[in-house]
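A.B. asks: File name run.txt; file contents compact mmCIF, C-alpha atoms and all ligand atoms; full text below.
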# COMPACT_ATOMS: atom_id res chain seq x y z
CA SER A 1 23.71 -89.55 114.77
CA HIS A 2 23.58 -86.49 117.01
CA ASP A 3 20.93 -87.74 119.43
CA THR A 4 20.43 -86.28 122.89
CA ALA A 5 20.36 -89.56 124.84
CA GLY A 6 21.65 -89.66 128.45
CA THR A 7 25.13 -90.49 129.57
CA ARG A 8 27.04 -90.88 126.34
CA PRO A 9 30.82 -91.13 126.66
CA LEU A 10 33.07 -88.16 126.13
CA THR A 11 36.72 -87.23 125.92
CA LEU A 12 38.49 -84.56 127.93
CA LEU A 13 41.87 -83.11 126.97
CA GLY A 14 43.66 -81.10 129.66
CA LEU A 15 43.65 -81.99 133.34
CA GLY A 16 44.86 -78.80 134.98
CA ALA A 17 42.93 -77.33 137.89
CA MET A 18 39.87 -76.67 135.75
CA GLY A 19 40.09 -79.77 133.54
CA ALA A 20 40.39 -82.04 136.58
CA ALA A 21 37.32 -80.43 138.17
CA LEU A 22 35.34 -80.94 134.95
CA GLY A 23 36.46 -84.56 134.74
CA HIS A 24 35.44 -85.32 138.31
CA ALA A 25 32.02 -83.79 137.67
CA TRP A 26 31.34 -85.96 134.60
CA LEU A 27 32.57 -89.11 136.30
CA ALA A 28 30.47 -88.39 139.39
CA ALA A 29 27.43 -88.00 137.12
CA GLY A 30 28.11 -91.42 135.54
CA TYR A 31 29.51 -90.31 132.19
CA PRO A 32 32.10 -92.70 130.72
CA LEU A 33 35.16 -90.51 130.28
CA THR A 34 38.40 -90.81 128.31
CA VAL A 35 41.10 -88.36 129.39
CA TRP A 36 44.50 -87.20 128.23
CA ASN A 37 47.00 -84.80 129.74
CA ARG A 38 50.51 -83.83 128.65
CA THR A 39 51.83 -84.74 132.10
CA PRO A 40 50.34 -88.21 132.57
CA GLY A 41 50.49 -88.24 136.40
CA ARG A 42 47.68 -85.69 136.55
CA ALA A 43 45.27 -88.31 135.16
CA GLU A 44 45.73 -90.65 138.13
CA PRO A 45 42.97 -89.29 140.41
CA LEU A 46 40.50 -89.48 137.52
CA ALA A 47 41.66 -92.99 136.57
CA ALA A 48 40.98 -94.02 140.17
CA GLN A 49 37.44 -92.73 139.69
CA GLY A 50 37.01 -94.84 136.53
CA ALA A 51 38.30 -92.69 133.66
CA GLN A 52 40.05 -94.33 130.71
CA VAL A 53 43.48 -92.77 130.25
CA ALA A 54 44.64 -92.38 126.65
CA GLY A 55 48.34 -92.44 125.80
CA THR A 56 48.10 -89.65 123.23
CA ALA A 57 45.76 -86.80 122.40
CA ALA A 58 44.97 -88.50 119.08
CA GLU A 59 43.90 -91.71 120.87
CA ALA A 60 41.72 -89.74 123.25
CA VAL A 61 40.03 -87.87 120.39
CA ALA A 62 39.46 -91.10 118.46
CA ALA A 63 37.64 -92.64 121.45
CA ASN A 64 34.51 -90.43 121.38
CA ARG A 65 32.50 -88.08 119.23
CA LEU A 66 32.26 -85.42 121.96
CA VAL A 67 35.69 -83.96 122.72
CA VAL A 68 36.07 -81.28 125.39
CA VAL A 69 39.33 -79.36 125.55
CA CYS A 70 40.46 -77.33 128.57
CA LEU A 71 44.08 -76.32 128.05
CA LEU A 72 46.18 -73.34 129.05
CA ASN A 73 45.57 -71.17 125.99
CA ASP A 74 44.73 -71.23 122.30
CA ASP A 75 48.34 -71.89 121.20
CA THR A 76 48.47 -74.94 123.45
CA LEU A 77 45.25 -76.21 121.91
CA GLY A 78 46.69 -75.79 118.41
CA GLU A 79 49.85 -77.71 119.36
CA THR A 80 47.90 -80.49 121.07
CA LEU A 81 45.48 -81.08 118.19
CA ASP A 82 47.98 -80.50 115.37
CA GLY A 83 47.63 -83.42 112.95
CA VAL A 84 44.88 -85.11 114.99
CA ASP A 85 41.93 -86.41 112.92
CA LEU A 86 38.89 -84.33 113.90
CA ALA A 87 36.54 -85.47 111.12
CA GLY A 88 33.02 -86.03 112.48
CA LYS A 89 33.95 -84.80 115.97
CA ASP A 90 32.03 -82.41 118.18
CA LEU A 91 34.74 -80.17 119.60
CA VAL A 92 33.93 -78.07 122.68
CA ASN A 93 36.66 -75.62 123.57
CA LEU A 94 36.69 -74.52 127.21
CA THR A 95 40.16 -73.00 126.89
CA THR A 96 40.02 -69.26 127.55
CA SER A 97 40.68 -67.28 124.38
CA THR A 98 39.90 -63.94 122.80
CA PRO A 99 36.80 -63.66 120.57
CA GLY A 100 39.09 -63.42 117.53
CA GLN A 101 40.99 -66.58 118.49
CA ALA A 102 37.70 -68.44 118.97
CA ARG A 103 36.48 -67.39 115.51
CA VAL A 104 39.71 -68.53 113.86
CA ARG A 105 39.59 -71.78 115.84
CA ALA A 106 36.00 -72.40 114.71
CA GLU A 107 37.04 -72.06 111.08
CA TRP A 108 40.06 -74.30 111.72
CA ALA A 109 37.75 -76.97 113.19
CA ARG A 110 35.27 -76.63 110.30
CA GLU A 111 38.07 -77.18 107.77
CA ARG A 112 38.91 -80.41 109.63
CA GLY A 113 35.31 -81.66 109.48
CA ALA A 114 34.39 -81.00 113.12
CA ARG A 115 31.49 -79.11 114.62
CA PHE A 116 32.73 -76.44 117.05
CA LEU A 117 31.41 -74.83 120.19
CA ASP A 118 33.40 -72.34 122.24
CA GLY A 119 32.82 -71.98 125.98
CA GLY A 120 33.68 -69.26 128.48
CA ILE A 121 33.72 -70.60 132.02
CA MET A 122 32.36 -68.22 134.67
CA ALA A 123 33.61 -70.17 137.66
CA VAL A 124 36.68 -71.25 139.57
CA PRO A 125 37.40 -74.99 139.90
CA PRO A 126 35.72 -75.57 143.32
CA MET A 127 32.43 -74.27 141.88
CA ILE A 128 32.40 -76.94 139.15
CA GLY A 129 29.92 -79.77 139.64
CA ALA A 130 28.61 -78.12 142.82
CA PRO A 131 24.88 -77.42 142.41
CA GLY A 132 23.96 -73.98 143.68
CA SER A 133 27.53 -72.64 143.38
CA GLY A 134 26.48 -70.20 140.67
CA ALA A 135 28.97 -71.64 138.16
CA SER A 136 28.00 -71.10 134.56
CA VAL A 137 29.46 -71.43 131.08
CA PHE A 138 28.67 -69.21 128.11
CA TYR A 139 28.58 -71.16 124.85
CA SER A 140 28.65 -69.93 121.27
CA GLY A 141 29.12 -71.51 117.85
CA SER A 142 27.28 -74.58 116.60
CA ARG A 143 23.74 -74.55 118.02
CA ALA A 144 23.26 -78.12 116.79
CA LEU A 145 26.26 -79.27 118.83
CA PHE A 146 25.03 -77.38 121.90
CA ASP A 147 21.59 -78.97 121.63
CA ALA A 148 22.93 -82.47 120.93
CA HIS A 149 25.09 -82.45 124.08
CA ALA A 150 22.94 -80.23 126.29
CA GLU A 151 22.75 -82.79 129.11
CA ALA A 152 26.46 -83.52 129.26
CA LEU A 153 27.33 -79.82 129.04
CA ALA A 154 24.98 -79.02 131.93
CA VAL A 155 26.75 -81.42 134.33
CA PRO A 156 29.71 -79.24 135.44
CA ALA A 157 27.87 -75.89 135.49
CA GLY A 158 24.81 -74.03 134.28
CA THR A 159 24.86 -73.25 130.58
CA ALA A 160 23.87 -70.25 128.49
CA TYR A 161 23.97 -70.27 124.69
CA VAL A 162 24.83 -66.75 123.52
CA GLY A 163 24.92 -67.03 119.73
CA GLU A 164 26.12 -68.67 116.53
CA ASP A 165 29.13 -66.34 116.34
CA PRO A 166 31.87 -68.50 117.89
CA GLY A 167 33.50 -65.39 119.36
CA PHE A 168 30.51 -64.44 121.50
CA ALA A 169 31.18 -66.82 124.40
CA ALA A 170 34.67 -65.39 124.89
CA LEU A 171 33.31 -61.87 124.46
CA HIS A 172 30.66 -62.37 127.15
CA ASP A 173 33.22 -64.04 129.43
CA VAL A 174 35.77 -61.25 129.11
CA ALA A 175 33.14 -58.50 129.37
CA LEU A 176 31.97 -59.89 132.71
CA LEU A 177 35.52 -60.42 133.96
CA SER A 178 36.43 -56.87 132.96
CA ALA A 179 33.46 -55.49 134.92
CA MET A 180 34.58 -57.59 137.87
CA TYR A 181 38.02 -55.96 137.82
CA GLY A 182 36.39 -52.53 137.83
CA MET A 183 34.52 -53.60 140.96
CA PHE A 184 37.71 -54.99 142.53
CA ALA A 185 39.39 -51.65 141.85
CA GLY A 186 36.64 -49.79 143.69
CA VAL A 187 36.76 -52.25 146.58
CA ALA A 188 40.54 -51.87 146.87
CA HIS A 189 40.23 -48.08 146.99
CA ALA A 190 37.45 -48.24 149.61
CA PHE A 191 39.44 -50.54 151.93
CA ALA A 192 42.51 -48.34 151.43
CA LEU A 193 40.53 -45.30 152.63
CA ILE A 194 39.69 -46.94 155.97
CA ARG A 195 42.98 -48.84 156.32
CA LYS A 196 44.66 -46.56 158.86
CA GLU A 197 41.54 -45.93 160.94
CA GLU A 198 39.98 -47.89 163.76
CA ILE A 199 37.32 -49.28 161.47
CA PRO A 200 37.48 -53.09 161.48
CA PRO A 201 37.45 -54.30 157.85
CA LYS A 202 35.04 -57.06 158.85
CA ASP A 203 32.52 -54.43 160.06
CA PHE A 204 33.02 -52.35 156.93
CA ALA A 205 32.67 -55.32 154.54
CA PRO A 206 28.88 -55.82 154.86
CA LEU A 207 28.32 -52.09 154.34
CA LEU A 208 30.44 -52.13 151.19
CA SER A 209 28.89 -55.32 149.88
CA GLY A 210 25.36 -54.04 150.52
CA TRP A 211 26.10 -50.76 148.73
CA LEU A 212 27.60 -52.49 145.69
CA THR A 213 24.58 -54.79 145.53
CA ALA A 214 22.21 -51.80 145.66
CA MET A 215 24.16 -50.12 142.86
CA THR A 216 23.85 -53.05 140.45
CA SER A 217 20.54 -51.61 139.20
CA SER A 218 22.71 -49.08 137.32
CA VAL A 219 23.56 -51.91 134.89
CA HIS A 220 19.92 -52.07 133.78
CA GLN A 221 19.64 -48.28 133.66
CA ALA A 222 22.68 -48.12 131.34
CA ALA A 223 21.26 -50.90 129.15
CA ALA A 224 17.90 -49.11 128.81
CA GLN A 225 19.64 -45.85 127.88
CA LEU A 226 21.91 -47.58 125.35
CA GLU A 227 18.87 -49.29 123.79
CA SER A 228 16.92 -46.03 123.51
CA GLY A 229 19.91 -43.88 122.54
CA ASP A 230 18.72 -41.27 125.03
CA TYR A 231 21.28 -40.98 127.81
CA THR A 232 19.29 -38.34 129.67
CA LYS A 233 16.33 -40.64 130.31
CA ASN A 234 15.52 -41.35 133.98
CA VAL A 235 18.74 -39.70 135.13
CA VAL A 236 18.90 -39.46 138.92
CA SER A 237 22.42 -38.19 139.53
CA ASN A 238 23.55 -36.09 136.59
CA LEU A 239 27.12 -35.83 135.39
CA ALA A 240 27.51 -32.16 136.36
CA MET A 241 26.73 -33.07 139.97
CA GLN A 242 28.96 -36.16 139.87
CA VAL A 243 31.95 -34.26 138.51
CA ALA A 244 31.49 -31.58 141.20
CA GLY A 245 31.35 -34.40 143.78
CA SER A 246 34.52 -36.01 142.52
CA GLU A 247 36.51 -33.25 144.26
CA THR A 248 35.30 -34.70 147.56
CA LEU A 249 36.42 -38.16 146.47
CA LEU A 250 39.89 -36.90 145.57
CA GLY A 251 40.10 -34.71 148.67
CA THR A 252 39.22 -37.65 150.90
CA ALA A 253 41.86 -39.83 149.24
CA GLU A 254 44.40 -37.04 149.84
CA GLU A 255 43.39 -36.67 153.51
CA GLN A 256 43.63 -40.41 154.07
CA GLY A 257 47.01 -40.68 152.34
CA VAL A 258 45.62 -42.95 149.64
CA SER A 259 46.63 -42.94 145.99
CA ALA A 260 43.64 -42.17 143.77
CA GLU A 261 45.22 -43.94 140.79
CA LEU A 262 42.38 -46.45 140.48
CA LEU A 263 39.75 -43.70 140.46
CA THR A 264 41.32 -40.97 138.34
CA PRO A 265 40.90 -42.61 134.90
CA TYR A 266 37.16 -42.89 135.46
CA LEU A 267 36.87 -39.36 136.87
CA ALA A 268 38.80 -38.03 133.86
CA LEU A 269 36.30 -39.65 131.50
CA MET A 270 33.43 -38.04 133.41
CA GLU A 271 35.10 -34.64 133.09
CA ARG A 272 35.63 -35.14 129.34
CA ARG A 273 32.01 -36.05 128.76
CA LEU A 274 30.89 -33.04 130.81
CA ALA A 275 33.25 -30.76 128.85
CA GLU A 276 31.61 -32.03 125.66
CA GLY A 277 28.30 -30.62 126.94
CA HIS A 278 26.61 -33.68 128.46
CA GLY A 279 26.12 -32.55 132.03
CA ASP A 280 22.47 -33.66 131.98
CA GLU A 281 23.37 -37.34 131.38
CA ASP A 282 24.56 -39.82 133.96
CA THR A 283 27.57 -42.03 133.18
CA THR A 284 26.26 -44.01 130.18
CA GLY A 285 27.84 -41.53 127.74
CA LEU A 286 31.29 -42.61 129.00
CA ILE A 287 30.78 -45.86 127.12
CA ASP A 288 30.82 -43.94 123.85
CA LEU A 289 34.09 -42.29 124.85
CA LEU A 290 35.65 -45.73 125.32
CA VAL A 291 34.62 -47.17 121.96
CA ARG A 292 37.33 -46.35 119.44
CA ARG A 293 36.15 -44.94 116.17
CA THR A 294 37.29 -47.01 113.19
CA GLY A 295 37.78 -46.04 109.53
N1 LIG B 301 41.45 -72.09 137.07
C1 LIG B 301 40.65 -71.04 136.98
O1 LIG B 301 40.27 -70.45 137.98
C2 LIG B 301 40.13 -70.51 135.65
C3 LIG B 301 38.65 -70.30 135.67
C4 LIG B 301 38.09 -69.83 134.36
C5 LIG B 301 38.61 -70.63 133.18
N2 LIG B 301 40.06 -70.78 133.27
C6 LIG B 301 40.66 -71.28 132.02
O2 LIG B 301 40.63 -72.69 131.92
C7 LIG B 301 41.75 -73.13 131.16
C8 LIG B 301 42.52 -74.17 131.95
O3 LIG B 301 42.86 -73.60 133.19
P1 LIG B 301 43.45 -74.46 134.38
O4 LIG B 301 43.05 -73.77 135.65
O5 LIG B 301 43.08 -75.88 134.25
O6 LIG B 301 45.01 -74.23 134.13
P2 LIG B 301 46.25 -75.09 134.64
O7 LIG B 301 45.96 -75.71 135.96
O8 LIG B 301 47.43 -74.20 134.55
O9 LIG B 301 46.36 -76.26 133.57
C9 LIG B 301 46.81 -76.02 132.25
C10 LIG B 301 46.58 -77.22 131.40
O10 LIG B 301 47.14 -76.98 130.09
C11 LIG B 301 48.12 -78.00 129.84
N3 LIG B 301 49.21 -77.48 129.02
C12 LIG B 301 49.92 -76.35 129.22
N4 LIG B 301 50.83 -76.21 128.22
C13 LIG B 301 50.67 -77.26 127.40
C14 LIG B 301 51.29 -77.68 126.18
N5 LIG B 301 52.25 -76.93 125.62
N6 LIG B 301 50.85 -78.80 125.58
C15 LIG B 301 49.86 -79.54 126.13
N7 LIG B 301 49.21 -79.22 127.29
C16 LIG B 301 49.62 -78.09 127.90
C17 LIG B 301 48.60 -78.43 131.20
O11 LIG B 301 49.22 -79.69 131.06
P3 LIG B 301 50.37 -80.16 132.12
O12 LIG B 301 51.13 -78.92 132.51
O13 LIG B 301 49.64 -80.77 133.27
O14 LIG B 301 51.17 -81.12 131.37
C18 LIG B 301 47.27 -78.48 131.95
O15 LIG B 301 46.53 -79.62 131.60
C19 LIG B 301 42.61 -71.90 130.85
O16 LIG B 301 42.35 -71.45 129.56
C20 LIG B 301 42.11 -70.90 131.88
O17 LIG B 301 42.26 -69.56 131.46
C21 LIG B 301 40.54 -71.38 134.49
For this file, write the structure as structure tokens.
Ligand code: FVH
C.D. replies:
Amino acid sequence: SHDTAGTRPLTLLGLGAMGAALGHAWLAAGYPLTVWNRTPGRAEPLAAQGAQVAGTAAEAVAANRLVVVCLLNDDTLGETLDGVDLAGKDLVNLTTSTPGQARVRAEWARERGARFLDGGIMAVPPMIGAPGSGASVFYSGSRALFDAHAEALAVPAGTAYVGEDPGFAALHDVALLSAMYGMFAGVAHAFALIRKEEIPPKDFAPLLSGWLTAMTSSVHQAAAQLESGDYTKNVVSNLAMQVAGSETLLGTAEEQGVSAELLTPYLALMERRLAEGHGDEDTTGLIDLLVRRTG
């Protein structure tokens, strides 16, 4: 039965940096754990903490209904579970994949008689099992599986169920990571601008961090505009003004001897949107320029 009782045993396949952190968290919380890793030596620290070490992936899967997999990539998962009996198993895939790979993997699991839940981990290993670290995992796929194992799944990190579509966890994960890289790009450019001056980076950092934090409200503004379809609603800094201002950004980069290569793609999109007659919007319309038309 798929009850929700306390510390039921589980299996973990993959003991890399992330898998090991997950394993330690479950053991520390008192969950009986069976583990397997291609390179057996990596199981030793977990064995010392009380984990059962299986000789093969098939043995590890056979040991428990709940099977968590955290391997390098989707191909690795396919190789590891090839020919393994998954009938009646609850398979939770914490291996990073694309949404498309997760959907195919969900169907693959269903054909083998397993329930499937995909997870996108928003954390690095030291954040796992550390309350207050901010670690979280997006889950999508079988709601029944998510509910049945809610307690165990909440041990390593906070959880958020984002939909029945098994691709949604990966999609949320990658969307957030992609936004993060946009922020990293801006941060790199900002530090490059001050690099040759007598401005200590450690004095500049709190100013930059505070500004980025203040600007996060733009996320909600964009969401509200996308929901309403009116990109001119509550506009504070319109596109015409921002494009005019971009000359100052480029001029400053030039003066400071800094390549503007991280900025120019975004500025070019702003110019395109303005040229299409949307000077009274802010930057939400750029999203429509990014989405490729199909058909
Ligand atoms: N570490 C991180 O910061 C990120 C945070 C967000 C989520 N990712 C994803 O988590 C998956 C696992 O990542 P990891 O950090 O544990 O990765 P590694 O330390 O490199 O461990 C890889 C494990 O995969 C096993 N493995 C690799 N190839 C094979 C194979 N052909 N057959 C069986 N197992 C394989 C490897 O085994 P071994 O090398 O020890 O024998 C490790 O167990 C990943 O999707 C991240 O994107 C982590």
A.B. asks: Can you tell me, as a list in words, which residues sit within 9 Å of (31.5, -34.2, 136.2) in the file's frame, using all atoms listed in the file?
C.D. replies: Asn238, Leu239, Ala240, Met241, Gln242, Val243, Ala244, Gly245, Ser246, Leu267, Ala268, Leu269, Met270, Glu271, Arg272, Arg273, Leu274, Ala275 and Gly279 of chain A
A.B. asks: Mind running chain A against ligand LIG 301 (chain B) at 7 Å and telling me each contacting residue's nearest atom pair with the distance in Å (one decimal), counting all atoms listed in the file, chain and number ascending, as a Markdown table?
C.D. replies:
| residue | atom | partner | partner_atom | distance |
| --- | --- | --- | --- | --- |
| A:Gly14 | CA | B:LIG301 | O15 | 3.8 |
| A:Leu15 | CA | B:LIG301 | O15 | 4.1 |
| A:Gly16 | CA | B:LIG301 | O9 | 3.3 |
| A:Ala17 | CA | B:LIG301 | O5 | 3.9 |
| A:Met18 | CA | B:LIG301 | O5 | 3.6 |
| A:Gly19 | CA | B:LIG301 | O5 | 5.0 |
| A:Asn37 | CA | B:LIG301 | O15 | 5.5 |
| A:Arg38 | CA | B:LIG301 | O14 | 3.9 |
| A:Thr39 | CA | B:LIG301 | O14 | 3.8 |
| A:Arg42 | CA | B:LIG301 | O13 | 6.2 |
| A:Cys70 | CA | B:LIG301 | C8 | 5.1 |
| A:Leu71 | CA | B:LIG301 | O10 | 3.7 |
| A:Leu72 | CA | B:LIG301 | O10 | 3.9 |
| A:Asn73 | CA | B:LIG301 | O16 | 4.8 |
| A:Thr76 | CA | B:LIG301 | C14 | 4.8 |
| A:Glu79 | CA | B:LIG301 | N6 | 6.4 |
| A:Thr80 | CA | B:LIG301 | C15 | 5.5 |
| A:Leu94 | CA | B:LIG301 | O2 | 6.4 |
| A:Thr95 | CA | B:LIG301 | O16 | 3.8 |
| A:Thr96 | CA | B:LIG301 | O16 | 3.8 |
| A:Ser97 | CA | B:LIG301 | O16 | 6.9 |
| A:Gly120 | CA | B:LIG301 | C5 | 6.9 |
| A:Ile121 | CA | B:LIG301 | C4 | 5.0 |
| A:Met122 | CA | B:LIG301 | C4 | 6.0 |
| A:Ala123 | CA | B:LIG301 | C3 | 5.4 |
| A:Val124 | CA | B:LIG301 | O1 | 4.0 |
| A:Pro125 | CA | B:LIG301 | O1 | 5.7 |
A.B. asks: Considering all atoms listed in the file, state which residue in the set A:Tyr31, A:Ser178, A:Leu81, A:Glu164 is at the smallest distance from Ala144 (chain A).
C.D. replies: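 Under the stated criterion, the closest residue is A:Glu164.
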A.B. asks: Would you please work out which residue, of A:Leu12, A:Ala21, A:Ala135, A:Leu86, is nearest to Arg112 (chain A) when using all atoms listed in the file?
C.D. replies: A:Leu86
A.B. asks: One decimal, Å: what's the distance from CA of Thr213 (chain A) over to CA of Leu290 (chain A), could you say?
C.D. replies: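 Distance between the two atoms: 24.8 Å.
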A.B. asks: So what do you get for CA of Ala152 (chain A) versus CA of Gly30 (chain A), distance-wise?
C.D. replies: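 Computed distance, CA of Ala152 (chain A) to CA of Gly30 (chain A), equals 10.2 Å.
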A.B. asks: Which one of A:Gln52, A:Leu46, A:Pro40, A:Leu117 sits closest to Leu66 (chain A) if you count only C-alpha atoms?
C.D. replies: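 Between A:Gln52, A:Leu46, A:Pro40, A:Leu117, the residue approaching Leu66 (chain A) most closely is A:Leu117.
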A.B. asks: Using all atoms listed in the file, can you tell me which of A:Thr11, A:Ser209, A:Thr98, A:Thr232 comes closest to Phe184 (chain A)?
C.D. replies: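 Counting all atoms listed in the file, the residue closest to Phe184 (chain A) is A:Ser209.
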A.B. asks: Do you know which residues are at most 12 Å from Ile194 (chain A) counting all atoms listed in the file, after dropping those on the same chain fewer than 6 positions away, and could you put them as a CSV table (one decimal) with C-alpha atoms, keeping the file's coordinate frame?
C.D. replies:
chain,number,residue,atom,x,y,z
A,187,VAL,CA,36.8,-52.2,146.6
A,188,ALA,CA,40.5,-51.9,146.9
A,200,PRO,CA,37.5,-53.1,161.5
A,201,PRO,CA,37.4,-54.3,157.8
A,202,LYS,CA,35.0,-57.1,158.8
A,203,ASP,CA,32.5,-54.4,160.1
A,204,PHE,CA,33.0,-52.4,156.9
A,205,ALA,CA,32.7,-55.3,154.5
A,208,LEU,CA,30.4,-52.1,151.2
A,252,THR,CA,39.2,-37.6,150.9
A,253,ALA,CA,41.9,-39.8,149.2
A,255,GLU,CA,43.4,-36.7,153.5
A,256,GLN,CA,43.6,-40.4,154.1
A,257,GLY,CA,47.0,-40.7,152.3
A,258,VAL,CA,45.6,-43.0,149.6
A.B. asks: Go through A:Trp36, A:Phe138, A:Tyr231, A:Phe168 and flag the residue nearest Asp288 (chain A), using only C-alpha atoms for the distances.
C.D. replies: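 The shortest atom-to-atom distance to Asp288 (chain A) comes from A:Tyr231.
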A.B. asks: Complete the atoms of region 172-183 of chain A to N, CA and C atoms and put them out as a PDB file, in the coordinates of the input.
C.D. replies:
ATOM      1  N   HIS A 172      31.456 -62.482 125.927  1.00  0.00           N
ATOM      2  CA  HIS A 172      30.660 -62.370 127.150  1.00  0.00           C
ATOM      3  C   HIS A 172      31.521 -62.629 128.389  1.00  0.00           C
ATOM      4  N   ASP A 173      32.332 -63.673 128.313  1.00  0.00           N
ATOM      5  CA  ASP A 173      33.220 -64.040 129.430  1.00  0.00           C
ATOM      6  C   ASP A 173      34.110 -62.856 129.805  1.00  0.00           C
ATOM      7  N   VAL A 174      34.802 -62.315 128.821  1.00  0.00           N
ATOM      8  CA  VAL A 174      35.770 -61.250 129.110  1.00  0.00           C
ATOM      9  C   VAL A 174      35.062 -59.954 129.515  1.00  0.00           C
ATOM     10  N   ALA A 175      33.888 -59.701 128.958  1.00  0.00           N
ATOM     11  CA  ALA A 175      33.140 -58.500 129.370  1.00  0.00           C
ATOM     12  C   ALA A 175      32.794 -58.581 130.856  1.00  0.00           C
ATOM     13  N   LEU A 176      32.331 -59.741 131.289  1.00  0.00           N
ATOM     14  CA  LEU A 176      31.970 -59.890 132.710  1.00  0.00           C
ATOM     15  C   LEU A 176      33.211 -59.825 133.603  1.00  0.00           C
ATOM     16  N   LEU A 177      34.288 -60.465 133.157  1.00  0.00           N
ATOM     17  CA  LEU A 177      35.520 -60.420 133.960  1.00  0.00           C
ATOM     18  C   LEU A 177      36.054 -58.993 134.061  1.00  0.00           C
ATOM     19  N   SER A 178      35.947 -58.246 132.950  1.00  0.00           N
ATOM     20  CA  SER A 178      36.430 -56.870 132.960  1.00  0.00           C
ATOM     21  C   SER A 178      35.621 -56.027 133.940  1.00  0.00           C
ATOM     22  N   ALA A 179      34.307 -56.211 133.963  1.00  0.00           N
ATOM     23  CA  ALA A 179      33.460 -55.490 134.920  1.00  0.00           C
ATOM     24  C   ALA A 179      33.850 -55.853 136.346  1.00  0.00           C
ATOM     25  N   MET A 180      34.162 -57.130 136.544  1.00  0.00           N
ATOM     26  CA  MET A 180      34.580 -57.590 137.870  1.00  0.00           C
ATOM     27  C   MET A 180      35.831 -56.851 138.335  1.00  0.00           C
ATOM     28  N   TYR A 181      36.792 -56.655 137.408  1.00  0.00           N
ATOM     29  CA  TYR A 181      38.020 -55.960 137.820  1.00  0.00           C
ATOM     30  C   TYR A 181      37.749 -54.504 138.156  1.00  0.00           C
ATOM     31  N   GLY A 182      36.779 -53.895 137.466  1.00  0.00           N
ATOM     32  CA  GLY A 182      36.390 -52.530 137.830  1.00  0.00           C
ATOM     33  C   GLY A 182      35.865 -52.500 139.256  1.00  0.00           C
ATOM     34  N   MET A 183      35.055 -53.519 139.596  1.00  0.00           N
ATOM     35  CA  MET A 183      34.520 -53.600 140.960  1.00  0.00           C
ATOM     36  C   MET A 183      35.653 -53.836 141.957  1.00  0.00           C
TER      37      MET A 183
END
